[in-house]
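**Q** Structure provided below as structure tokens; questions to follow.
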Amino acid sequence: MRELRTVLVMVSPLLTGLIQYVAESRIRQPHARLSIIAEISDLEHLPRELREMKPDLVIFGPASDAAQRAAASAAARARVLTLSENLSSVLGPGPDDVDSLTLDTLTKRLSDILQET
Amino acid sequence: MSAIDTINAGLAAGCVVSDTQLFKNALIVSEVRFLRDSLVAILQGETSLGVCAQAATLEEAVVSAKASQPAVVLLDVAFPGGTKTVAQLRCTLLQSKIIAFGIRETEEHVLAWAEAGIAGYVPNTASVEDLISLVEQISRGEQSCPSRIAGSLLRRIASGGRRATLQPESTALTRRESEIMRLVTAGYSNKDIARQLRISLGTTKSHVHNLLGKLSLRRRTDVMARMHGVRHEGIDFDGS
């Protein structure tokens, strides 16, 4: 089974658990699954860590623009999802992809990414 | 099924009914839909709690609470109104345990929420598993917390809740008095306040007098000092 190697950046432990719940309970993809390989809360070494880990997906919690730019350049082939500051929206992976953050939209967004891998 | 029915059913079946099984419903209060939906799904799947309702606003919470009288209310600390929400919910939910989740586990924050009337809290460092475990603990009347927090709570009790009386009891104030407290804090004179609120000078003086009495203060400058002190600590007592 293919693993979508995922890094969470600035995502609280509770939110991490909720994302894992979505990944494990709601996504039905027979050939691929989301695998969280790291949770990063220190942005200082983020570019280097992302370069070394080469993730397929990076999910940002309420993160700064600078952190996102750093991630985009350090993990060029990774898809990036960003959860908005007030957790009302999910942005990415395309620059114009913006949706309300709900169980359904996050499930669909992650399913689509898994499907494409 | 009532709590008594649950116990009887358990006894009839020859099994032990845990305390948490008595808490059959919960209300989740958060502005964040994703949090509400996913917590409902997880709590219903992983605990003996049956989530009866969720609410995105205080009005929704009060309506839901009146209808269902939940045993447990899980309140997102980012909810507008801050600690004041606890008092508002407690007016409706006399029997419910209010659990604040997402609290920064500093002494100031935990004590402020404790004084507001929560039954327990879930820190912002908690995982889903921690949250489930803490909700069940708090339902049983327990609370795990770092020793420094326990120490602070003991000191607070030993001091007779002195600090509690030093903090503004905004719940004891009327809406008008709260409004006036803000204006006093902003440096408005009685005349300015009267003009701003379109009330007479005499009425304004009366409100200020009552306000000082409720806060156990002597001068309006004391109100300013206290409110500036509260804001300096970064504790949101009134959602402003």
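Within each chain, counting starts at residue 1; across the structure tokens, chains are named A, B, ... in the order shown, with ligands numbered 1 upward in that order.
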Near chain A, meaning an atom within 10 Å, which residues of chain B appear when counting only C-alpha atoms? Write them as a VMD selection string.

**A** chain B and resid 31 to 39 41 to 42 78 101 to 102 123 to 131

**Q** Write out as JSON, numbers by chain all residues of chain A that DSSP puts in strand (DSSP E or B) for this structure's backbone.

**A** {"A": [2, 3, 4, 5, 6, 7, 8, 9, 32, 33, 34, 35, 36, 37, 38, 39, 40, 57, 58, 59, 60, 79, 80, 81, 82, 83, 89, 90, 91, 98, 99, 100]}

**Q** I'd like to know which residues of chain A are helix (DSSP H, G or I) (by DSSP, run on the backbone); could you write them as a PyMOL selection string?

**A** chain A and resi 13-26+46-53+65-74+103-116

**Q** Which value, in Å to one decimal, gives the distance between atom CA of Ser96 of chain B and atom CA of Val40 of chain B?

**A**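 We find that atom CA of Ser96 of chain B and atom CA of Val40 of chain B lie 17.6 Å from each other.
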
**Q** Quick one: distance from atom CA of Arg220 of chain B to atom CA of Val184 of chain B in Å, one decimal?

**A**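 We find that atom CA of Arg220 of chain B and atom CA of Val184 of chain B lie 6.7 Å from each other.
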
**Q** If you measure from atom CA of Ala56 of chain B to atom CA of Asp96 of chain A, what distance in Å do you get, rounded to one decimal?

**A**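 Separation of atom CA of Ala56 of chain B and atom CA of Asp96 of chain A: 27.5 Å.
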
**Q** For Gly92 of chain A, please output as a ChimeraX atom specification all residues within 9 Å (counting only C-alpha atoms; exclusion window: fewer than 4 positions along the same chain).

**A** /A:79-82,96-99,109

**Q** Counting only C-alpha atoms, what is within 12 Å of Arg48 of chain A, bar same-chain residues fewer than 5 positions away, as a ChimeraX atom specification?

**A** /A:40,42-43,53-54,70-75

**Q** Can you work out which one of A:Ala78, A:Val90, A:Val9, A:Leu4 has the shortest atom-to-atom distance to Ile59 of chain A, counting only C-alpha atoms?

**A**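 Answer, going by the shortest atom-to-atom distance: A:Val9.
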
**Q** Excluding Leu110 of chain A and residues on its chain fewer than 3 positions from it, collect all residues at most 9 Å away from it, counting only C-alpha atoms, and give them as a ChimeraX atom specification.

**A** /A:22-23,27,34,105-107,113-115

**Q** Generate the output file for the selected residues, C-alpha atoms, as an mmCIF file, in the first residue's frame.

**A**
```cif
data_model
loop_
_atom_site.group_PDB
_atom_site.id
_atom_site.type_symbol
_atom_site.label_atom_id
_atom_site.label_comp_id
_atom_site.auth_asym_id
_atom_site.auth_seq_id
_atom_site.Cartn_x
_atom_site.Cartn_y
_atom_site.Cartn_z
ATOM 1 C CA VAL A 22 -10.354 11.820 9.491
ATOM 2 C CA ALA A 23 -7.550 9.893 7.811
ATOM 3 C CA ILE A 27 -11.059 8.024 3.968
ATOM 4 C CA LEU A 34 -2.075 8.961 4.926
ATOM 5 C CA THR A 105 -14.234 18.915 2.961
ATOM 6 C CA LEU A 106 -11.075 17.731 4.709
ATOM 7 C CA THR A 107 -11.973 14.123 3.959
ATOM 8 C CA ILE A 113 -4.633 13.923 -2.845
ATOM 9 C CA LEU A 114 -4.374 10.208 -2.040
ATOM 10 C CA GLN A 115 -6.118 9.380 -5.308
#
```

**Q** Set the distance at 9 Å and use only C-alpha atoms: which residues neighbour Val110 of chain B once local chain neighbours fewer than 5 positions away are removed? I'd like the list as a ChimeraX atom specification.

**A** /B:103-105,115,121,149,153
